[in-house]
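*Asks:* The following file, my_file-v5.txt, comprises compact mmCIF, C-alpha atoms:
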```txt
# COMPACT_ATOMS: atom_id res chain seq x y z
CA MET X 1 142.76 118.44 56.38
CA GLY X 2 144.51 120.19 53.51
CA GLN X 3 141.70 122.73 53.26
CA LYS X 4 141.84 123.71 56.95
CA VAL X 5 145.52 124.24 57.82
CA ASN X 6 148.39 126.40 56.60
CA PRO X 7 149.75 124.66 53.46
CA LYS X 8 153.37 125.38 54.42
CA ILE X 9 152.97 124.00 57.97
CA PHE X 10 151.13 120.98 56.56
CA ARG X 11 154.28 120.10 54.57
CA ILE X 12 156.93 120.73 57.24
CA GLY X 13 159.28 117.77 57.46
CA THR X 14 158.64 116.70 53.87
CA LEU X 15 158.88 119.67 51.48
CA ASN X 16 159.37 122.59 53.87
CA GLN X 17 161.68 123.18 56.81
CA TRP X 18 161.35 125.40 59.88
CA ASN X 19 162.23 129.09 59.53
CA SER X 20 163.98 128.95 62.92
CA ARG X 21 166.55 126.16 63.07
CA TRP X 22 168.02 125.54 66.52
CA PHE X 23 167.50 123.38 69.60
CA SER X 24 167.43 124.33 73.27
CA ARG X 25 165.97 122.81 76.41
CA LYS X 26 166.57 125.54 79.00
CA ASP X 27 166.38 128.76 76.96
CA TYR X 28 163.61 127.79 74.55
CA LEU X 29 161.23 130.61 75.55
CA THR X 30 163.99 133.22 75.47
CA TYR X 31 165.21 132.19 72.02
CA LEU X 32 161.67 131.95 70.64
CA ARG X 33 160.85 135.45 71.88
CA GLN X 34 164.07 136.76 70.35
CA ASP X 35 163.28 135.18 67.00
CA ILE X 36 159.78 136.66 66.90
CA THR X 37 160.89 140.16 67.90
CA ILE X 38 163.83 140.14 65.44
CA LYS X 39 161.60 139.05 62.56
CA ARG X 40 158.97 141.67 63.35
CA PHE X 41 161.64 144.35 63.62
CA LEU X 42 163.15 143.38 60.25
CA GLU X 43 159.73 143.33 58.59
CA ARG X 44 159.13 146.91 59.74
CA GLU X 45 162.67 148.09 59.01
CA LEU X 46 162.88 146.50 55.54
CA LYS X 47 159.36 147.20 54.35
CA GLU X 48 160.61 148.62 51.03
CA ALA X 49 163.09 145.81 50.37
CA ALA X 50 160.52 143.17 49.27
CA VAL X 51 161.42 140.62 51.96
CA SER X 52 159.77 137.26 51.36
CA GLN X 53 161.19 135.19 54.24
CA ILE X 54 163.47 135.52 57.28
CA ASP X 55 165.33 132.48 58.66
CA VAL X 56 167.22 132.24 61.96
CA GLU X 57 169.94 129.69 62.70
CA ARG X 58 171.66 129.37 66.08
CA SER X 59 174.72 127.64 67.46
CA ALA X 60 176.22 127.87 70.95
CA THR X 61 177.25 131.55 70.69
CA ASN X 62 176.44 132.52 67.11
CA ILE X 63 173.23 133.66 65.42
CA THR X 64 172.78 133.75 61.65
CA VAL X 65 169.87 135.72 60.20
CA ILE X 66 169.10 134.89 56.56
CA ILE X 67 166.99 137.48 54.73
CA HIS X 68 165.37 136.49 51.41
CA SER X 69 164.77 139.67 49.45
CA ALA X 70 163.89 140.63 45.87
CA LYS X 71 165.76 143.93 46.33
CA PRO X 72 168.99 143.05 48.13
CA GLY X 73 170.67 146.31 47.13
CA ILE X 74 168.35 148.28 49.41
CA ILE X 75 169.43 146.17 52.40
CA ILE X 76 173.15 146.06 51.60
CA GLY X 77 173.56 149.76 50.88
CA ARG X 78 176.75 151.40 49.67
CA GLY X 79 179.78 149.33 50.59
CA GLY X 80 177.74 147.19 52.95
CA GLN X 81 176.85 150.05 55.30
CA GLY X 82 173.21 149.03 55.37
CA ILE X 83 173.96 145.56 56.75
CA GLU X 84 176.36 146.93 59.38
CA GLU X 85 173.77 149.42 60.65
CA LEU X 86 171.14 146.67 60.69
CA LYS X 87 173.42 144.39 62.73
CA LYS X 88 174.09 147.15 65.27
CA LYS X 89 170.36 147.78 65.75
CA ILE X 90 169.61 144.07 66.24
CA VAL X 91 172.45 143.54 68.74
CA THR X 92 171.68 146.64 70.81
CA GLN X 93 167.92 146.04 70.98
CA PHE X 94 167.50 142.27 71.16
CA LEU X 95 170.76 140.38 71.84
CA ALA X 96 173.45 140.19 74.48
CA PRO X 97 176.72 142.05 73.74
CA THR X 98 178.70 138.80 73.70
CA THR X 99 176.54 137.23 71.00
CA SER X 100 178.06 136.96 67.53
CA LEU X 101 175.56 137.97 64.84
CA GLN X 102 175.83 137.32 61.12
CA VAL X 103 173.35 138.68 58.56
CA THR X 104 173.13 136.97 55.16
CA ILE X 105 171.16 138.25 52.17
CA GLN X 106 169.73 135.85 49.60
CA GLU X 107 168.18 137.23 46.44
CA VAL X 108 164.73 136.08 45.32
CA THR X 109 165.26 135.43 41.63
CA ASP X 110 161.59 135.41 40.60
CA PRO X 111 159.37 137.57 42.86
CA ASN X 112 156.23 136.59 40.91
CA THR X 113 156.42 133.03 42.28
CA SER X 114 156.61 134.15 45.93
CA ALA X 115 153.23 134.24 47.68
CA GLU X 116 154.53 136.69 50.31
CA LEU X 117 155.67 139.23 47.71
CA ILE X 118 152.43 138.92 45.75
CA ALA X 119 150.47 139.53 48.96
CA GLN X 120 152.60 142.59 49.70
CA SER X 121 151.90 144.01 46.24
CA ILE X 122 148.15 143.47 46.72
CA VAL X 123 148.32 145.26 50.08
CA ALA X 124 150.09 148.23 48.49
CA ASP X 125 147.50 148.48 45.68
CA LEU X 126 144.50 148.21 48.00
CA GLU X 127 145.91 150.86 50.33
CA ARG X 128 146.18 153.14 47.29
CA ARG X 129 142.39 152.66 46.87
CA MET X 130 142.59 150.68 43.65
CA PRO X 131 139.52 148.48 42.81
CA PHE X 132 140.01 145.06 44.38
CA ARG X 133 138.91 143.10 41.29
CA ARG X 134 141.50 144.84 39.13
CA VAL X 135 144.15 144.23 41.80
CA MET X 136 143.33 140.52 42.02
CA LYS X 137 143.28 140.13 38.22
CA THR X 138 146.63 141.90 37.86
CA ALA X 139 148.26 139.78 40.58
CA ILE X 140 146.99 136.51 39.10
CA GLY X 141 148.19 137.56 35.65
CA ARG X 142 151.69 138.24 36.97
CA VAL X 143 151.84 134.83 38.65
CA GLU X 144 150.56 133.05 35.53
CA ARG X 145 153.25 134.64 33.36
CA ALA X 146 155.86 133.24 35.77
CA GLY X 147 154.91 129.72 34.65
CA VAL X 148 153.34 128.24 37.80
CA ARG X 149 150.73 125.48 37.83
CA GLY X 150 148.01 127.32 39.76
CA VAL X 151 147.21 130.37 41.87
CA LYS X 152 144.37 131.51 44.13
CA VAL X 153 143.79 134.90 45.76
CA THR X 154 141.19 135.66 48.44
CA VAL X 155 140.32 139.08 49.85
CA ALA X 156 137.86 139.67 52.69
CA GLY X 157 136.51 142.83 54.31
CA ARG X 158 134.67 145.99 53.35
CA LEU X 159 135.64 145.77 49.71
CA ASN X 160 135.46 149.07 47.81
CA GLY X 161 133.98 150.66 50.94
CA ALA X 162 130.83 148.50 51.07
CA GLU X 163 128.84 148.60 54.30
CA ILE X 164 128.71 144.83 54.61
CA ALA X 165 131.95 142.84 54.62
CA ARG X 166 132.25 139.93 52.23
CA THR X 167 134.81 137.54 50.77
CA GLU X 168 135.86 137.40 47.13
CA THR X 169 138.04 134.67 45.59
CA SER X 170 139.72 134.43 42.21
CA SER X 171 141.80 131.49 41.00
CA SER X 172 143.50 130.02 37.98
CA GLY X 173 144.88 126.56 37.30
CA SER X 174 144.96 123.67 39.79
CA LEU X 175 145.62 123.77 43.54
CA PRO X 176 145.91 120.26 45.10
CA LEU X 177 145.99 121.16 48.80
CA HIS X 178 145.66 117.54 49.98
CA THR X 179 148.67 116.32 47.96
CA ILE X 180 151.66 116.59 50.29
CA ARG X 181 154.23 116.36 47.49
CA ALA X 182 152.64 119.43 45.85
CA ASP X 183 154.88 122.47 46.35
CA ILE X 184 152.41 125.16 47.46
CA ASP X 185 153.56 128.56 48.68
CA TYR X 186 151.13 130.40 50.96
CA ALA X 187 151.01 133.85 52.53
CA GLN X 188 148.51 136.08 54.26
CA ALA X 189 148.55 139.82 54.86
CA ALA X 190 146.29 142.71 55.86
CA ALA X 191 145.65 145.98 54.06
CA HIS X 192 144.76 148.91 56.32
CA THR X 193 142.32 151.11 54.38
CA THR X 194 140.09 154.02 55.38
CA TYR X 195 137.12 151.61 55.54
CA GLY X 196 138.86 149.06 57.75
CA VAL X 197 141.20 146.08 57.45
CA ILE X 198 141.06 143.85 54.37
CA GLY X 199 142.51 140.37 54.78
CA ILE X 200 144.47 138.83 51.88
CA LYS X 201 145.43 135.20 51.29
CA VAL X 202 147.55 133.92 48.41
CA TRP X 203 148.22 130.33 47.30
CA ILE X 204 150.73 129.51 44.54
CA TYR X 205 151.15 125.96 43.22
CA LYS X 206 154.61 125.46 41.68
CA GLY X 207 154.39 121.76 40.78
CA GLU X 208 155.21 118.48 42.49
CA LYS X 209 158.44 117.52 44.23
CA PHE X 210 159.62 113.94 44.56
CA LYS X 211 162.36 112.20 46.55
CA GLN X 212 165.05 112.86 43.95
CA ASP X 213 164.32 116.59 44.25
CA LEU X 214 164.73 116.55 48.04
CA LYS X 215 168.05 114.68 48.37
CA ASN X 216 169.97 117.79 49.48
CA GLN X 217 167.35 118.89 52.01
CA PRO X 218 167.62 117.61 55.62
CA LEU X 219 164.41 116.03 56.77
CA ALA X 220 163.14 116.05 60.32
CA VAL X 221 163.16 112.61 61.94
CA GLU X 222 160.99 111.96 64.95
CA PRO X 223 162.81 109.83 67.56
CA ALA X 224 161.08 106.69 68.71
CA SER X 225 159.69 106.88 72.23
CA ALA X 226 160.65 104.38 74.90
CA GLY X 227 157.19 102.87 75.01
CA HIS X 228 156.87 102.48 71.24
CA ARG X 229 160.18 101.05 70.10
CA ARG X 230 160.21 99.43 66.74
CA ARG X 231 160.63 95.69 66.99
CA PRO X 232 162.43 93.57 64.40
CA ASN X 233 160.28 91.47 62.14
CA SER X 234 159.46 88.17 63.76
CA HIS X 235 156.99 85.44 62.95
CA LYS X 236 155.42 83.57 65.82
CA ARG X 237 153.22 80.57 65.42
```
Could you render the structure as structure tokens?
*Replies:*
Amino acid sequence: MGQKVNPKIFRIGTLNQWNSRWFSRKDYLTYLRQDITIKRFLERELKEAAVSQIDVERSATNITVIIHSAKPGIIIGRGGQGIEELKKKIVTQFLAPTTSLQVTIQEVTDPNTSAELIAQSIVADLERRMPFRRVMKTAIGRVERAGVRGVKVTVAGRLNGAEIARTETSSSGSLPLHTIRADIDYAQAAAHTTYGVIGIKVWIYKGEKFKQDLKNQPLAVEPASAGHRRRPNSHKR
């Protein structure tokens, strides 16, 4: 199972939490569409800001967008003008005028341990027509110097302009995909080159997390259904 699914989704509810945190019965489709369009808009608008993750939190009338960036100064701008312009664009294009929007910036302290930022750097190098083996080796070296436990990079497509597409993989260290307590960051991206699209996948293993490391994180609890209620322990003879 660990080899076939997204490692971050595989660990939701234990190590990872949802990027969109809200609950709605009637307006679920509307809110989901808004979240997707807002995230895609921010990814295009903040392409140079090294954005690794975008979270959305909702209450009754408020929306909070949390942007994790390695270059927060590009987003904030002088005197916070960048954030104000970004908020105006989001409200006018995607939200109702009565909705209260708050944009929060969180700095990524170590970009070399973020799979999304490593994938973005590989995309930029491949689109500049750099040899893919050198790009993979450079990316893995950067991640290793950050002190992680393991890393794997996979590229697939018409590598170096070859006529036949193929897949190349390079890895270092360990990568226990089946161990749920293993903190594995995963990202995938696509480089648009003159020869076609090259797919990129990055896995970064940061170590294991145990219960004492997750005390401050809220865990998702699945409610018991009416037909499968838990019964108290009883011994019948």
*Asks:* In terms of the shortest atom-to-atom distance over all atoms listed in the file, which of X:Glu85, X:Glu116, X:Asp55, X:Asp183 is closest to X:Ile200?
*Replies:*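 Closest residue, counting all atoms listed in the file: X:Glu116.
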*Asks:* Could you name the residues that touch X:Thr167 at 10 Å or less, counting only C-alpha atoms, but leaving out those on the same chain fewer than 4 positions away, as a list in words?
*Replies:*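 So the residues in contact are Thr154, Val155, Ala156, Gly157, Arg158, Leu159, Ile198, Gly199 and Ile200 of chain X.
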*Asks:* Distance atom CA of X:Ser174-atom CA of X:Val197, one decimal place?
*Replies:* 28.8 Å
*Asks:* Quick one: of X:Arg58, X:Lys47, X:Arg40, X:Arg133, who's nearest to X:Ile74, counting all atoms listed in the file?
*Replies:*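 Looking only at the distances to X:Ile74, the closest residue turns out to be X:Lys47.
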*Asks:* What lies within 12 Å of X:Glu43 using all atoms listed in the file, ignoring chain neighbours under 4 positions off, as number ranges by chain?
*Replies:* X: 36-39, 47-54, 67-69, 75, 116, 120
*Asks:* Can I get the selection written as a PDB file, keeping the file's coordinate frame, with C-alpha atoms?
*Replies:*
```pdb
ATOM      1  CA  ILE X  36     159.780 136.660  66.900  1.00  0.00           C
ATOM      2  CA  THR X  37     160.890 140.160  67.900  1.00  0.00           C
ATOM      3  CA  ILE X  38     163.830 140.140  65.440  1.00  0.00           C
ATOM      4  CA  LYS X  39     161.600 139.050  62.560  1.00  0.00           C
ATOM      5  CA  LYS X  47     159.360 147.200  54.350  1.00  0.00           C
ATOM      6  CA  GLU X  48     160.610 148.620  51.030  1.00  0.00           C
ATOM      7  CA  ALA X  49     163.090 145.810  50.370  1.00  0.00           C
ATOM      8  CA  ALA X  50     160.520 143.170  49.270  1.00  0.00           C
ATOM      9  CA  VAL X  51     161.420 140.620  51.960  1.00  0.00           C
ATOM     10  CA  SER X  52     159.770 137.260  51.360  1.00  0.00           C
ATOM     11  CA  GLN X  53     161.190 135.190  54.240  1.00  0.00           C
ATOM     12  CA  ILE X  54     163.470 135.520  57.280  1.00  0.00           C
ATOM     13  CA  ILE X  67     166.990 137.480  54.730  1.00  0.00           C
ATOM     14  CA  HIS X  68     165.370 136.490  51.410  1.00  0.00           C
ATOM     15  CA  SER X  69     164.770 139.670  49.450  1.00  0.00           C
ATOM     16  CA  ILE X  75     169.430 146.170  52.400  1.00  0.00           C
ATOM     17  CA  GLU X 116     154.530 136.690  50.310  1.00  0.00           C
ATOM     18  CA  GLN X 120     152.600 142.590  49.700  1.00  0.00           C
TER      19      GLN X 120
END
```
*Asks:* From the set X:Glu127, X:Glu84, X:Glu144, X:Asp185, which residue has the shortest atom-to-atom contact distance to X:Asn16, counting all atoms listed in the file?
*Replies:*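 Checking each candidate against X:Asn16, we get X:Asp185 as the closest.
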*Asks:* With N, CA, C and O atoms as the target, complete stretch 52-71 of chain X and hand it back as a compact mmCIF listing (two decimals), keeping the file's coordinate frame.
*Replies:*
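selection.txt, written as the output of this step:
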```
# COMPACT_ATOMS: atom_id res chain seq x y z
N SER X 52 160.72 138.35 51.46
CA SER X 52 159.77 137.26 51.36
C SER X 52 159.85 136.28 52.53
O SER X 52 158.85 135.65 52.88
N GLN X 53 161.03 136.16 53.15
CA GLN X 53 161.19 135.19 54.24
C GLN X 53 162.41 135.56 55.06
O GLN X 53 163.40 136.08 54.53
N ILE X 54 162.36 135.28 56.37
CA ILE X 54 163.47 135.52 57.28
C ILE X 54 163.73 134.23 58.06
O ILE X 54 162.83 133.73 58.74
N ASP X 55 164.94 133.69 57.95
CA ASP X 55 165.33 132.48 58.66
C ASP X 55 166.33 132.82 59.75
O ASP X 55 167.14 133.75 59.60
N VAL X 56 166.29 132.05 60.84
CA VAL X 56 167.22 132.24 61.96
C VAL X 56 167.86 130.90 62.29
O VAL X 56 167.16 129.90 62.50
N GLU X 57 169.19 130.87 62.32
CA GLU X 57 169.94 129.69 62.70
C GLU X 57 170.82 130.03 63.89
O GLU X 57 171.43 131.10 63.93
N ARG X 58 170.90 129.13 64.86
CA ARG X 58 171.66 129.37 66.08
C ARG X 58 172.63 128.23 66.32
O ARG X 58 172.34 127.06 66.03
N SER X 59 173.78 128.60 66.90
CA SER X 59 174.72 127.64 67.46
C SER X 59 174.93 128.02 68.92
O SER X 59 174.11 128.73 69.51
N ALA X 60 176.01 127.59 69.53
CA ALA X 60 176.22 127.87 70.95
C ALA X 60 176.30 129.36 71.24
O ALA X 60 175.65 129.87 72.16
N THR X 61 177.07 130.10 70.44
CA THR X 61 177.25 131.55 70.69
C THR X 61 177.00 132.39 69.45
O THR X 61 177.16 133.61 69.51
N ASN X 62 176.61 131.78 68.35
CA ASN X 62 176.44 132.52 67.11
C ASN X 62 174.98 132.48 66.66
O ASN X 62 174.27 131.49 66.87
N ILE X 63 174.55 133.56 66.02
CA ILE X 63 173.23 133.66 65.42
C ILE X 63 173.40 134.10 63.98
O ILE X 63 174.10 135.08 63.70
N THR X 64 172.76 133.39 63.06
CA THR X 64 172.78 133.75 61.65
C THR X 64 171.36 134.08 61.21
O THR X 64 170.46 133.25 61.34
N VAL X 65 171.17 135.28 60.71
CA VAL X 65 169.87 135.72 60.20
C VAL X 65 169.96 135.75 58.68
O VAL X 65 170.81 136.47 58.11
N ILE X 66 169.11 134.99 58.01
CA ILE X 66 169.10 134.89 56.56
C ILE X 66 167.86 135.61 56.05
O ILE X 66 166.73 135.23 56.37
N ILE X 67 168.08 136.66 55.25
CA ILE X 67 166.99 137.48 54.73
C ILE X 67 166.85 137.19 53.24
O ILE X 67 167.79 137.39 52.47
N HIS X 68 165.67 136.73 52.83
CA HIS X 68 165.37 136.49 51.41
C HIS X 68 164.66 137.72 50.87
O HIS X 68 163.55 138.05 51.31
N SER X 69 165.29 138.40 49.93
CA SER X 69 164.77 139.67 49.45
C SER X 69 164.85 139.74 47.93
O SER X 69 165.82 139.24 47.33
N ALA X 70 163.86 140.39 47.31
CA ALA X 70 163.89 140.63 45.87
C ALA X 70 164.67 141.88 45.53
O ALA X 70 164.99 142.10 44.36
N LYS X 71 164.98 142.71 46.54
CA LYS X 71 165.76 143.93 46.33
C LYS X 71 166.92 143.97 47.32
O LYS X 71 166.90 144.76 48.28
```
